[in-house]
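Enquirer: My structure file coords29.pdb, PDB, C-alpha atoms and all ligand atoms, is below:
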```pdb
ATOM      1  CA  MET A 258      11.531   9.744   1.205
ATOM      2  CA  THR A 259       8.489   9.786   3.467
ATOM      3  CA  ALA A 260       5.041  10.366   2.099
ATOM      4  CA  THR A 261       2.399  11.967   4.277
ATOM      5  CA  THR A 262      -0.884  10.148   4.092
ATOM      6  CA  HIS A 263      -4.077  12.162   4.293
ATOM      7  CA  SER A 264      -6.478  10.430   6.642
ATOM      8  CA  PRO A 265      -9.610  11.711   8.334
ATOM      9  CA  SER A 266      -7.688  11.879  11.614
ATOM     10  CA  ALA A 267      -4.532  13.960  11.947
ATOM     11  CA  SER A 268      -2.197  13.080   9.092
ATOM     12  CA  VAL A 269       0.402  10.548  10.182
ATOM     13  CA  THR A 270       3.693  10.423   8.311
ATOM     14  CA  ASP A 271       4.225   7.118   6.523
ATOM     15  CA  LEU A 272       7.720   6.118   7.636
ATOM     16  CA  TYR A 273       7.497   2.805   5.797
ATOM     17  CA  PRO A 274       6.057   3.181   2.298
ATOM     18  CA  SER A 275       4.989  -0.133   0.746
ATOM     19  CA  ARG A 276       2.741  -1.664  -1.970
ATOM     20  CA  GLY A 277       3.650   0.969  -4.542
ATOM     21  CA  ALA A 278       5.078   0.421  -8.010
ATOM     22  CA  THR A 279       8.491  -0.829  -6.914
ATOM     23  CA  GLU A 280      10.038  -2.816  -4.067
ATOM     24  CA  VAL A 281      12.281  -0.669  -1.836
ATOM     25  CA  ALA A 282      14.430  -1.679   1.136
ATOM     26  CA  ILE A 283      15.038   1.040   3.751
ATOM     27  CA  PRO A 284      16.658   0.965   7.210
ATOM     28  CA  ARG A 285      14.420   0.533  10.254
ATOM     29  CA  GLN A 286      13.720   3.913  11.850
ATOM     30  CA  ASP A 287      12.450   2.624  15.187
ATOM     31  CA  PRO A 288      14.108   1.103  18.246
ATOM     32  CA  VAL A 289      13.737  -2.657  18.691
ATOM     33  CA  VAL A 290      13.620  -2.669  22.494
ATOM     34  CA  TRP A 291      11.698   0.376  23.708
ATOM     35  CA  SER A 292      12.222   0.081  27.457
ATOM     36  CA  ALA A 293      15.185   1.880  29.034
ATOM     37  CA  PRO A 294      18.297  -0.274  29.626
ATOM     38  CA  GLY A 295      17.987  -2.026  32.977
ATOM     39  CA  ALA A 296      14.200  -1.623  33.016
ATOM     40  CA  VAL A 297      12.639  -4.118  35.406
ATOM     41  CA  GLY A 298      10.923  -7.096  33.792
ATOM     42  CA  PRO A 299      10.980 -10.884  33.362
ATOM     43  CA  ILE A 300      13.555 -10.792  30.544
ATOM     44  CA  PRO A 301      17.184 -10.758  31.777
ATOM     45  CA  GLY A 302      19.428  -8.031  30.292
ATOM     46  CA  PRO A 303      21.516 -10.341  28.077
ATOM     47  CA  ASP A 304      18.353 -11.852  26.599
ATOM     48  CA  LEU A 305      16.976  -8.401  25.849
ATOM     49  CA  GLN A 306      20.229  -7.557  24.093
ATOM     50  CA  SER A 307      20.022 -10.682  21.949
ATOM     51  CA  PHE A 308      16.412  -9.808  21.089
ATOM     52  CA  GLU A 309      17.639  -6.363  19.985
ATOM     53  CA  ARG A 310      20.403  -7.942  17.864
ATOM     54  CA  ASP A 311      18.531 -10.885  16.347
ATOM     55  CA  GLY A 312      14.911  -9.725  16.433
ATOM     56  CA  PHE A 313      13.826 -12.802  18.375
ATOM     57  CA  LEU A 314      14.163 -14.602  21.703
ATOM     58  CA  ALA A 315      13.532 -18.347  22.063
ATOM     59  CA  ILE A 316      12.421 -19.678  25.465
ATOM     60  CA  ASP A 317      12.666 -23.401  26.117
ATOM     61  CA  GLN A 318       9.704 -23.517  28.493
ATOM     62  CA  LEU A 319       7.396 -20.516  28.833
ATOM     63  CA  ILE A 320       4.480 -22.622  30.099
ATOM     64  CA  GLY A 321       4.625 -25.988  31.873
ATOM     65  CA  PRO A 322       3.466 -29.377  30.556
ATOM     66  CA  ASP A 323       0.246 -29.333  32.590
ATOM     67  CA  GLU A 324      -0.627 -25.891  31.217
ATOM     68  CA  VAL A 325       0.164 -27.079  27.695
ATOM     69  CA  ASP A 326      -2.382 -29.861  28.131
ATOM     70  CA  VAL A 327      -5.054 -27.325  29.127
ATOM     71  CA  TYR A 328      -4.345 -25.112  26.103
ATOM     72  CA  HIS A 329      -3.971 -27.987  23.672
ATOM     73  CA  ARG A 330      -7.264 -29.510  24.814
ATOM     74  CA  GLU A 331      -8.887 -26.101  24.338
ATOM     75  CA  LEU A 332      -7.446 -25.875  20.821
ATOM     76  CA  GLU A 333      -8.833 -29.330  20.019
ATOM     77  CA  ARG A 334     -12.233 -28.341  21.451
ATOM     78  CA  LEU A 335     -12.333 -25.198  19.335
ATOM     79  CA  VAL A 336     -11.304 -26.804  16.041
ATOM     80  CA  THR A 337     -13.874 -29.590  16.418
ATOM     81  CA  ASP A 338     -16.737 -27.235  17.320
ATOM     82  CA  PRO A 339     -19.054 -26.736  14.299
ATOM     83  CA  VAL A 340     -20.002 -23.280  15.612
ATOM     84  CA  ILE A 341     -16.346 -22.215  15.539
ATOM     85  CA  ARG A 342     -15.891 -23.719  12.061
ATOM     86  CA  ALA A 343     -18.824 -21.657  10.821
ATOM     87  CA  ASP A 344     -17.419 -18.493  12.443
ATOM     88  CA  GLU A 345     -15.801 -16.027  10.002
ATOM     89  CA  ARG A 346     -12.792 -15.941  12.339
ATOM     90  CA  SER A 347     -11.947 -19.517  11.351
ATOM     91  CA  ILE A 348      -9.714 -19.899   8.306
ATOM     92  CA  VAL A 349      -9.557 -23.296   6.612
ATOM     93  CA  GLU A 350      -6.724 -25.022   4.743
ATOM     94  CA  PRO A 351      -7.187 -24.525   0.988
ATOM     95  CA  LYS A 352      -6.838 -28.236   0.163
ATOM     96  CA  SER A 353      -8.105 -30.253   3.097
ATOM     97  CA  GLN A 354     -10.636 -27.687   4.352
ATOM     98  CA  GLU A 355      -9.426 -28.502   7.841
ATOM     99  CA  ILE A 356      -9.240 -25.505  10.161
ATOM    100  CA  ARG A 357      -5.920 -23.677   9.619
ATOM    101  CA  SER A 358      -6.339 -20.810  12.075
ATOM    102  CA  VAL A 359      -8.858 -19.311  14.450
ATOM    103  CA  PHE A 360      -8.458 -15.576  14.963
ATOM    104  CA  GLU A 361      -9.375 -13.498  18.030
ATOM    105  CA  VAL A 362      -8.980 -16.636  20.109
ATOM    106  CA  HIS A 363      -8.421 -14.514  23.245
ATOM    107  CA  LYS A 364     -12.002 -13.268  22.885
ATOM    108  CA  ILE A 365     -13.554 -16.567  21.826
ATOM    109  CA  SER A 366     -11.980 -18.613  24.611
ATOM    110  CA  GLU A 367     -11.590 -17.739  28.285
ATOM    111  CA  VAL A 368      -8.805 -20.286  28.484
ATOM    112  CA  PHE A 369      -6.740 -18.384  25.901
ATOM    113  CA  ALA A 370      -7.777 -15.061  27.436
ATOM    114  CA  ASN A 371      -5.986 -16.174  30.617
ATOM    115  CA  LEU A 372      -2.795 -16.555  28.614
ATOM    116  CA  VAL A 373      -2.944 -12.932  27.433
ATOM    117  CA  HIS A 374      -3.175 -11.683  31.016
ATOM    118  CA  ASP A 375      -0.453 -13.996  32.308
ATOM    119  CA  GLU A 376       2.459 -11.881  33.623
ATOM    120  CA  ARG A 377       4.969 -14.281  31.992
ATOM    121  CA  ILE A 378       3.441 -13.236  28.659
ATOM    122  CA  VAL A 379       2.196  -9.656  28.972
ATOM    123  CA  GLY A 380       5.077  -8.718  31.306
ATOM    124  CA  ARG A 381       7.607  -9.609  28.607
ATOM    125  CA  ALA A 382       5.623  -7.692  25.994
ATOM    126  CA  ARG A 383       5.531  -4.556  28.173
ATOM    127  CA  GLN A 384       9.265  -4.840  28.806
ATOM    128  CA  ILE A 385      10.107  -5.102  25.090
ATOM    129  CA  LEU A 386       7.672  -2.358  24.055
ATOM    130  CA  GLY A 387       8.374  -0.085  27.030
ATOM    131  CA  SER A 388       4.714   0.733  27.664
ATOM    132  CA  ASP A 389       1.279  -0.648  28.342
ATOM    133  CA  VAL A 390       0.137  -2.946  25.556
ATOM    134  CA  TYR A 391      -3.054  -4.102  23.904
ATOM    135  CA  VAL A 392      -3.725  -7.183  21.750
ATOM    136  CA  HIS A 393      -3.569  -6.307  18.064
ATOM    137  CA  GLN A 394      -4.268  -9.880  16.995
ATOM    138  CA  SER A 395      -4.411 -13.405  18.401
ATOM    139  CA  ARG A 396      -4.798 -16.720  16.639
ATOM    140  CA  ILE A 397      -4.280 -20.422  17.011
ATOM    141  CA  ASN A 398      -2.480 -22.014  14.079
ATOM    142  CA  VAL A 399      -3.314 -25.690  13.859
ATOM    143  CA  LYS A 400      -1.034 -26.705  11.020
ATOM    144  CA  PRO A 401      -2.361 -30.294  11.039
ATOM    145  CA  GLY A 402      -0.246 -33.022   9.435
ATOM    146  CA  PHE A 403      -0.463 -34.653   6.020
ATOM    147  CA  GLY A 404      -0.030 -31.545   3.923
ATOM    148  CA  ALA A 405      -1.022 -28.467   5.879
ATOM    149  CA  SER A 406       0.329 -25.482   4.009
ATOM    150  CA  GLY A 407       2.853 -23.075   5.433
ATOM    151  CA  PHE A 408       3.176 -19.299   5.455
ATOM    152  CA  TYR A 409       5.385 -17.812   2.735
ATOM    153  CA  TRP A 410       8.160 -15.323   3.640
ATOM    154  CA  HIS A 411       6.848 -11.992   4.911
ATOM    155  CA  SER A 412       7.233  -9.254   7.474
ATOM    156  CA  ASP A 413       4.170  -9.050   9.709
ATOM    157  CA  PHE A 414       4.738  -5.318  10.186
ATOM    158  CA  GLU A 415       4.551  -4.726   6.421
ATOM    159  CA  THR A 416       0.976  -6.024   6.534
ATOM    160  CA  TRP A 417       0.063  -4.470   9.882
ATOM    161  CA  HIS A 418       1.336  -1.084   8.638
ATOM    162  CA  ALA A 419      -0.153  -1.265   5.137
ATOM    163  CA  GLU A 420      -3.505  -2.846   6.000
ATOM    164  CA  ASP A 421      -4.085  -2.286   9.721
ATOM    165  CA  GLY A 422      -2.525   1.167  10.075
ATOM    166  CA  LEU A 423       0.151   0.544  12.724
ATOM    167  CA  PRO A 424       2.462   3.589  12.356
ATOM    168  CA  ASN A 425       5.693   2.387  13.996
ATOM    169  CA  MET A 426       7.535  -0.855  14.677
ATOM    170  CA  ARG A 427       6.462  -1.053  18.322
ATOM    171  CA  THR A 428       4.740  -4.439  18.157
ATOM    172  CA  VAL A 429       5.879  -7.885  19.281
ATOM    173  CA  SER A 430       4.556 -11.409  18.683
ATOM    174  CA  VAL A 431       4.843 -14.510  20.795
ATOM    175  CA  SER A 432       4.319 -17.963  19.311
ATOM    176  CA  ILE A 433       3.808 -20.612  22.007
ATOM    177  CA  ALA A 434       4.127 -24.215  20.840
ATOM    178  CA  LEU A 435       1.191 -26.430  21.806
ATOM    179  CA  THR A 436       2.638 -29.460  20.058
ATOM    180  CA  GLU A 437       6.261 -30.383  19.570
ATOM    181  CA  ASN A 438       7.940 -28.306  16.857
ATOM    182  CA  TYR A 439      10.309 -30.754  15.163
ATOM    183  CA  ASP A 440      12.728 -29.799  12.418
ATOM    184  CA  THR A 441      10.370 -31.600  10.034
ATOM    185  CA  ASN A 442       6.802 -30.450  10.682
ATOM    186  CA  GLY A 443       6.749 -26.903   9.319
ATOM    187  CA  GLY A 444       8.360 -24.889  12.101
ATOM    188  CA  LEU A 445       8.852 -21.125  12.203
ATOM    189  CA  MET A 446      11.885 -19.815  10.282
ATOM    190  CA  ILE A 447      13.278 -16.332  10.872
ATOM    191  CA  MET A 448      16.145 -14.493   9.160
ATOM    192  CA  PRO A 449      18.177 -13.253  12.183
ATOM    193  CA  GLY A 450      18.726  -9.490  12.010
ATOM    194  CA  SER A 451      16.257  -8.968   9.158
ATOM    195  CA  HIS A 452      14.088  -6.842  11.478
ATOM    196  CA  ARG A 453      16.492  -3.919  10.913
ATOM    197  CA  THR A 454      15.572  -3.615   7.235
ATOM    198  CA  PHE A 455      12.067  -2.652   6.111
ATOM    199  CA  LEU A 456      11.233  -4.118   2.727
ATOM    200  CA  GLY A 457       8.503  -2.064   1.050
ATOM    201  CA  CYS A 458       6.817  -4.502  -1.341
ATOM    202  CA  SER A 459       5.510  -3.761  -4.819
ATOM    203  CA  GLY A 460       1.901  -4.261  -5.828
ATOM    204  CA  ALA A 461      -1.217  -2.549  -4.564
ATOM    205  CA  THR A 462      -3.442  -4.183  -1.944
ATOM    206  CA  PRO A 463      -6.573  -5.673  -3.529
ATOM    207  CA  LYS A 464      -9.902  -4.939  -1.851
ATOM    208  CA  ASP A 465     -10.802  -7.625   0.750
ATOM    209  CA  ASN A 466      -7.234  -8.904   0.460
ATOM    210  CA  TYR A 467      -7.483 -10.678   3.833
ATOM    211  CA  LYS A 468      -9.968 -13.198   2.446
ATOM    212  CA  LYS A 469      -7.126 -14.704   0.450
ATOM    213  CA  SER A 470      -4.000 -13.532   2.242
ATOM    214  CA  LEU A 471      -4.733 -15.502   5.403
ATOM    215  CA  GLN A 472      -4.603 -18.701   3.355
ATOM    216  CA  MET A 473      -1.911 -17.646   0.870
ATOM    217  CA  GLN A 474      -0.372 -14.179   1.089
ATOM    218  CA  ASP A 475       0.227 -12.308  -2.191
ATOM    219  CA  ALA A 476       0.313  -8.540  -1.664
ATOM    220  CA  GLY A 477       3.210  -7.742   0.635
ATOM    221  CA  THR A 478       5.262 -10.707  -0.554
ATOM    222  CA  PRO A 479       8.961 -10.038  -1.148
ATOM    223  CA  SER A 480      10.600 -10.734  -4.520
ATOM    224  CA  ASP A 481      12.943 -13.687  -5.039
ATOM    225  CA  GLU A 482      15.815 -11.196  -5.467
ATOM    226  CA  ALA A 483      15.113  -9.467  -2.163
ATOM    227  CA  LEU A 484      14.720 -12.795  -0.341
ATOM    228  CA  THR A 485      17.952 -14.102  -1.867
ATOM    229  CA  LYS A 486      19.845 -11.017  -0.698
ATOM    230  CA  MET A 487      18.310 -11.093   2.795
ATOM    231  CA  ALA A 488      18.851 -14.823   3.257
ATOM    232  CA  SER A 489      22.473 -14.420   2.091
ATOM    233  CA  ASP A 490      23.007 -11.444   4.436
ATOM    234  CA  TYR A 491      21.194 -12.817   7.492
ATOM    235  CA  GLY A 492      20.905 -16.581   7.157
ATOM    236  CA  ILE A 493      17.821 -18.549   8.168
ATOM    237  CA  LYS A 494      17.143 -20.010  11.613
ATOM    238  CA  LEU A 495      14.580 -22.798  12.123
ATOM    239  CA  PHE A 496      12.895 -22.844  15.541
ATOM    240  CA  THR A 497      12.273 -26.207  17.136
ATOM    241  CA  GLY A 498      11.120 -26.915  20.654
ATOM    242  CA  LYS A 499       8.880 -28.927  22.889
ATOM    243  CA  ALA A 500       5.270 -28.010  23.549
ATOM    244  CA  GLY A 501       5.409 -25.104  26.002
ATOM    245  CA  SER A 502       8.426 -23.528  24.320
ATOM    246  CA  ALA A 503       7.961 -20.072  22.836
ATOM    247  CA  THR A 504       9.476 -17.648  20.377
ATOM    248  CA  TRP A 505       9.166 -13.907  20.870
ATOM    249  CA  PHE A 506       9.830 -12.048  17.636
ATOM    250  CA  ASP A 507       9.851  -8.451  16.480
ATOM    251  CA  CYS A 508       7.053  -7.382  14.137
ATOM    252  CA  ASN A 509       9.485  -6.739  11.265
ATOM    253  CA  CYS A 510      11.399 -10.020  11.171
ATOM    254  CA  MET A 511      11.388 -11.673   7.770
ATOM    255  CA  HIS A 512       9.858 -15.045   8.605
ATOM    256  CA  GLY A 513       7.816 -17.912   7.252
ATOM    257  CA  SER A 514       7.147 -21.612   7.695
ATOM    258  CA  GLY A 515       6.992 -24.573   5.405
ATOM    259  CA  ASP A 516       4.248 -27.094   4.688
ATOM    260  CA  ASN A 517       3.719 -29.904   7.150
ATOM    261  CA  ILE A 518       3.615 -33.269   5.368
ATOM    262  CA  THR A 519       4.444 -35.251   8.509
ATOM    263  CA  PRO A 520       1.728 -36.919  10.612
ATOM    264  CA  PHE A 521       2.645 -34.592  13.508
ATOM    265  CA  PRO A 522       0.631 -31.334  13.816
ATOM    266  CA  ARG A 523       2.588 -28.127  14.477
ATOM    267  CA  SER A 524       0.054 -26.205  16.520
ATOM    268  CA  ASN A 525       0.726 -22.934  18.296
ATOM    269  CA  VAL A 526      -1.022 -20.004  19.855
ATOM    270  CA  PHE A 527       0.127 -16.660  18.502
ATOM    271  CA  ILE A 528      -0.457 -13.366  20.318
ATOM    272  CA  VAL A 529       0.471  -9.944  18.947
ATOM    273  CA  PHE A 530       0.993  -7.154  21.468
ATOM    274  CA  ASN A 531       1.062  -3.563  20.250
ATOM    275  CA  SER A 532       2.137  -0.568  22.320
ATOM    276  CA  VAL A 533      -0.654   1.757  23.396
ATOM    277  CA  GLU A 534       1.686   4.483  22.037
ATOM    278  CA  ASN A 535       1.394   2.929  18.577
ATOM    279  CA  LYS A 536      -2.359   2.707  18.140
ATOM    280  CA  ALA A 537      -3.704   1.796  14.702
ATOM    281  CA  VAL A 538      -4.642   4.735  12.472
ATOM    282  CA  GLU A 539      -5.930   4.546   8.907
ATOM    283  CA  PRO A 540      -4.289   1.875   6.710
ATOM    284  CA  PHE A 541      -1.153   3.243   5.037
ATOM    285  CA  ALA A 542      -1.509   1.203   1.837
ATOM    286  CA  ALA A 543      -4.886  -0.454   1.528
ATOM    287  CA  PRO A 544      -8.322   0.676   0.334
ATOM    288  CA  VAL A 545     -10.031  -0.428   3.552
ATOM    289  CA  ARG A 546      -9.098  -1.567   7.049
ATOM    290  CA  ARG A 547      -9.192  -5.277   7.808
ATOM    291  CA  PRO A 548     -11.899  -6.617  10.139
ATOM    292  CA  GLU A 549     -11.637  -6.077  13.893
ATOM    293  CA  TYR A 550     -10.855  -9.741  14.555
ATOM    294  CA  ILE A 551      -7.641  -9.477  12.489
ATOM    295  CA  GLY A 552      -6.504  -5.949  13.356
ATOM    296  CA  ALA A 553      -7.987  -4.706  16.632
ATOM    297  CA  THR A 554      -9.170  -1.142  17.141
ATOM    298  CA  ASP A 555     -10.001  -1.787  20.788
ATOM    299  CA  PHE A 556      -6.922  -0.244  22.414
ATOM    300  CA  THR A 557      -7.790  -1.186  25.976
ATOM    301  CA  PRO A 558      -4.495  -1.976  27.707
ATOM    302  CA  VAL A 559      -4.065  -5.544  28.983
ATOM    303  CA  ARG A 560      -4.176  -5.415  32.773
TER     304      ARG A 560
HETATM  305  O1  LIG A 601      -1.784 -10.995   8.089
HETATM  306  C1  LIG A 601      -1.637 -11.203   9.275
HETATM  307  O2  LIG A 601      -1.901 -10.393  10.168
HETATM  308  C2  LIG A 601      -1.172 -12.593   9.688
HETATM  309  N1  LIG A 601      -0.483 -13.282   8.656
HETATM  310  C3  LIG A 601       0.685 -13.893   8.847
HETATM  311  C4  LIG A 601       1.179 -14.832   7.842
HETATM  312  N2  LIG A 601       1.458 -13.632   9.906
HETATM  313  C5  LIG A 601       1.036 -12.565  10.791
HETATM  314  C6  LIG A 601      -0.430 -12.551  10.969
HETATM  315  O3  LIG A 601      -0.893 -13.581  11.779
HETATM  316 FE    FE A 602       3.628 -13.839  10.141
END
```
Show the structure stored in the file as structure tokens.
Ligand code: 6CS
Ligand code: FE

Expert:
Amino acid sequence: MTATTHSPSASVTDLYPSRGATEVAIPRQDPVVWSAPGAVGPIPGPDLQSFERDGFLAIDQLIGPDEVDVYHRELERLVTDPVIRADERSIVEPKSQEIRSVFEVHKISEVFANLVHDERIVGRARQILGSDVYVHQSRINVKPGFGASGFYWHSDFETWHAEDGLPNMRTVSVSIALTENYDTNGGLMIMPGSHRTFLGCSGATPKDNYKKSLQMQDAGTPSDEALTKMASDYGIKLFTGKAGSATWFDCNCMHGSGDNITPFPRSNVFIVFNSVENKAVEPFAAPVRRPEYIGATDFTPVR
């Protein structure tokens, strides 16, 4: 069943209804890898095939140790800068009030802007998405130790479709570790293969939902029953790796991360590339669009 939404621009069919009265799982209707087989790019063929199958690709070292130092120092500079803390793009931890994330970091920091334009990063995104790309969202996640809270299970695409108006699943994220991701300090967990099922969640999007959801997501959260079925069907993989390692993952993977009660921060930089063929339209299931720094409407391709 596909509902057609009526938006000021041309009406765009809602292929992935969500946030209605009931939770509904439907098959993905989009390719995972959009480039033609054998398309030139930094990702070898077998790795592209495993991305298609699993919904993710882990890379042991995407950036070198010396580069990690530059980015980690920049993260530390940003999170200790009172001006950044006062910026609405900074989200704090509910308990400790320490900085949890800083959004639009590729616009705030020239150092992180370099990363977006780095061919090792944007070249892989273009290869997966089969087109020019623009940055839909970027953030640094600090996840400091001693109790930093995690991110409950969710599909990013469910939110980016419902609240930011991305029509199709033609969006890919890269999470680059800036500190070591141990199996104990709240690493990323993905259900392998879950990207092929879209779980439309129940419950309407409250107004200004992002003010809460970026600390603790509620709307767009799967039910225990759905998570039990998906975890039983797909399993759960925990990603660990040294600083400089990276995980590329499809926008519709069911993923999350736990709290970090160790003394060791789990900090990463997270960049979301969207295809220029999948530009944001009106939100499909929210009263208003989220702010520009969370869901971009500047579709300038990354050169
Ligand atoms: O709502 C969002 O766009 C963000 N929230 C999470 C938990 N993951 C994706 C994204 O950074
Ligand atoms: Fe997420």

Enquirer: Enumerate as a PyMOL selection string the residues within 7 Å of ligand FE 602 (chain A), counting all atoms listed in the file.

Expert: chain A and resi 411-413+512-513

Enquirer: Between CA of Lys352 in chain A and CA of Ser406 in chain A, what distance in Å does the model show, to one decimal?

Expert: 8.6 Å

Enquirer: Using all atoms listed in the file, find each protein or nucleic acid residue lying at most 9 Å from ligand LIG 601 (chain A); present the set as a PDB file with C-alpha atoms, keeping the file's coordinate frame.

Expert:
```pdb
ATOM      1  CA  PHE A 360      -8.458 -15.576  14.963  1.00  0.00           C
ATOM      2  CA  GLN A 394      -4.268  -9.880  16.995  1.00  0.00           C
ATOM      3  CA  SER A 395      -4.411 -13.405  18.401  1.00  0.00           C
ATOM      4  CA  ARG A 396      -4.798 -16.720  16.639  1.00  0.00           C
ATOM      5  CA  ASN A 398      -2.480 -22.014  14.079  1.00  0.00           C
ATOM      6  CA  GLY A 407       2.853 -23.075   5.433  1.00  0.00           C
ATOM      7  CA  PHE A 408       3.176 -19.299   5.455  1.00  0.00           C
ATOM      8  CA  TYR A 409       5.385 -17.812   2.735  1.00  0.00           C
ATOM      9  CA  TRP A 410       8.160 -15.323   3.640  1.00  0.00           C
ATOM     10  CA  HIS A 411       6.848 -11.992   4.911  1.00  0.00           C
ATOM     11  CA  SER A 412       7.233  -9.254   7.474  1.00  0.00           C
ATOM     12  CA  ASP A 413       4.170  -9.050   9.709  1.00  0.00           C
ATOM     13  CA  PHE A 414       4.738  -5.318  10.186  1.00  0.00           C
ATOM     14  CA  THR A 416       0.976  -6.024   6.534  1.00  0.00           C
ATOM     15  CA  TRP A 417       0.063  -4.470   9.882  1.00  0.00           C
ATOM     16  CA  GLU A 420      -3.505  -2.846   6.000  1.00  0.00           C
ATOM     17  CA  ASP A 421      -4.085  -2.286   9.721  1.00  0.00           C
ATOM     18  CA  SER A 430       4.556 -11.409  18.683  1.00  0.00           C
ATOM     19  CA  TYR A 467      -7.483 -10.678   3.833  1.00  0.00           C
ATOM     20  CA  SER A 470      -4.000 -13.532   2.242  1.00  0.00           C
ATOM     21  CA  LEU A 471      -4.733 -15.502   5.403  1.00  0.00           C
ATOM     22  CA  GLN A 472      -4.603 -18.701   3.355  1.00  0.00           C
ATOM     23  CA  MET A 473      -1.911 -17.646   0.870  1.00  0.00           C
ATOM     24  CA  GLN A 474      -0.372 -14.179   1.089  1.00  0.00           C
ATOM     25  CA  CYS A 508       7.053  -7.382  14.137  1.00  0.00           C
ATOM     26  CA  HIS A 512       9.858 -15.045   8.605  1.00  0.00           C
ATOM     27  CA  GLY A 513       7.816 -17.912   7.252  1.00  0.00           C
ATOM     28  CA  PHE A 527       0.127 -16.660  18.502  1.00  0.00           C
ATOM     29  CA  ILE A 528      -0.457 -13.366  20.318  1.00  0.00           C
ATOM     30  CA  VAL A 529       0.471  -9.944  18.947  1.00  0.00           C
ATOM     31  CA  ILE A 551      -7.641  -9.477  12.489  1.00  0.00           C
ATOM     32  CA  GLY A 552      -6.504  -5.949  13.356  1.00  0.00           C
TER      33      GLY A 552
END
```

Enquirer: Pick out the closest residue to Phe369 in chain A from this set: A:Val526, A:Met426, A:Ala543, A:Val289. Count only C-alpha atoms.

Expert: A:Val526

Enquirer: Contacts of range 490-502 of chain A at 9 Å or less, counting only C-alpha atoms, minus same-chain residues fewer than 4 places along, as a PyMOL selection string?

Expert: chain A and resi 315-322+324-325+432-440+444-451+485-486+512+514+524-525

Enquirer: Please write the residues picked by the PyMOL selection byres (((chain A and resi 348) around 7) and not hetatm) on this file as a ChimeraX atom specification.

Expert: /A:346-347,349-350,356-359

Enquirer: Now that the selection is made, can you save its residues with C-alpha atoms as a PDB file, in the coordinates of the input?

Expert:
```
ATOM      1  CA  ARG A 346     -12.792 -15.941  12.339  1.00  0.00           C
ATOM      2  CA  SER A 347     -11.947 -19.517  11.351  1.00  0.00           C
ATOM      3  CA  VAL A 349      -9.557 -23.296   6.612  1.00  0.00           C
ATOM      4  CA  GLU A 350      -6.724 -25.022   4.743  1.00  0.00           C
ATOM      5  CA  ILE A 356      -9.240 -25.505  10.161  1.00  0.00           C
ATOM      6  CA  ARG A 357      -5.920 -23.677   9.619  1.00  0.00           C
ATOM      7  CA  SER A 358      -6.339 -20.810  12.075  1.00  0.00           C
ATOM      8  CA  VAL A 359      -8.858 -19.311  14.450  1.00  0.00           C
TER       9      VAL A 359
END
```

Enquirer: Taking into account only C-alpha atoms, which residue in the set A:Thr519, A:Thr337, A:Gln384, A:Asn425 is nearest to Val269 in chain A?

Expert: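 The answer is A:Asn425, which sits nearest to Val269 in chain A.
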
Enquirer: Nearest residue to Thr554 in chain A out of A:Leu423, A:Met511, A:Ala343, A:Leu484, using all atoms listed in the file?

Expert: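 For Thr554 in chain A, the nearest of the candidates is A:Leu423.
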
Enquirer: What does the distance from CA of Arg427 in chain A to CA of Ser532 in chain A come to in Å, to one decimal?

Expert: 5.9 Å

Enquirer: Name the closest residue to Ile378 in chain A among the candidates A:Arg342, A:Pro299, A:Glu355, A:Val545; distances are taken between atoms, counting only C-alpha atoms.

Expert: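 Comparing A:Arg342, A:Pro299, A:Glu355, A:Val545 against Ile378 in chain A, the winner is A:Pro299.
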
Enquirer: Compare A:Pro288, A:Pro301, A:Gly515, A:Pro424 by their minimum atom-to-atom distance to Ser268 in chain A, counting all atoms listed in the file, and give me the closest one.

Expert: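 That would be A:Pro424, the residue with the smallest distance to Ser268 in chain A.
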
Enquirer: Could you write out as AutoDock Vina command-line options the box around range 536-552 of chain A (axis-aligned, all atoms listed in the file, 8 Å on each side), with centre and edge lengths in Å to one decimal?

Expert:
```
--center_x -6.5 --center_y -2.5 --center_z 9.2 --size_x 26.7 --size_y 30.5 --size_z 33.8
```

Enquirer: When you draw a straight line from CA of Asp287 in chain A to CA of Glu534 in chain A, how long is it in Å?

Expert: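 Between these atoms lies a distance of 12.9 Å.
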
Enquirer: Restricting the calculation to all atoms listed in the file, which member of A:Pro520, A:Pro544, A:Gly295, A:Gly443 is positioned closest to Thr462 in chain A?

Expert: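 For Thr462 in chain A, the nearest of the given residues is A:Pro544.
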
Enquirer: Applying the PyMOL selection byres (((chain A and resi 312) around 6) and not hetatm) to the file I just gave you, which residues come out? Please list them as a ChimeraX atom specification.

Expert: /A:308-311,313,450,452,506-507

Enquirer: Would you write out, as a PyMOL selection string, every residue that the PyMOL selection byres (((chain A and resi 271-281) around 12) and not hetatm) captures in this file?

Expert: chain A and resi 258-264+268-270+282-287+412+414-420+422-426+454-463+475-484+509+538-544

Enquirer: Since the input lacks atoms, please generate N, CA and C atoms for range 468-472 of chain A and provide them as a tab-separated table (two decimals), in the coordinates of the input.

Expert:
```tsv
chain	number	residue	atom	x	y	z
A	468	LYS	N	-9.23	-11.95	2.69
A	468	LYS	CA	-9.97	-13.20	2.45
A	468	LYS	C	-9.09	-14.24	1.78
A	469	LYS	N	-8.05	-13.77	1.11
A	469	LYS	CA	-7.13	-14.70	0.45
A	469	LYS	C	-5.79	-14.77	1.21
A	470	SER	N	-5.38	-13.60	1.72
A	470	SER	CA	-4.00	-13.53	2.24
A	470	SER	C	-3.80	-14.41	3.48
A	471	LEU	N	-4.90	-14.69	4.18
A	471	LEU	CA	-4.73	-15.50	5.40
A	471	LEU	C	-4.60	-16.97	5.07
A	472	GLN	N	-4.87	-17.32	3.81
A	472	GLN	CA	-4.60	-18.70	3.36
A	472	GLN	C	-3.29	-18.71	2.58
```
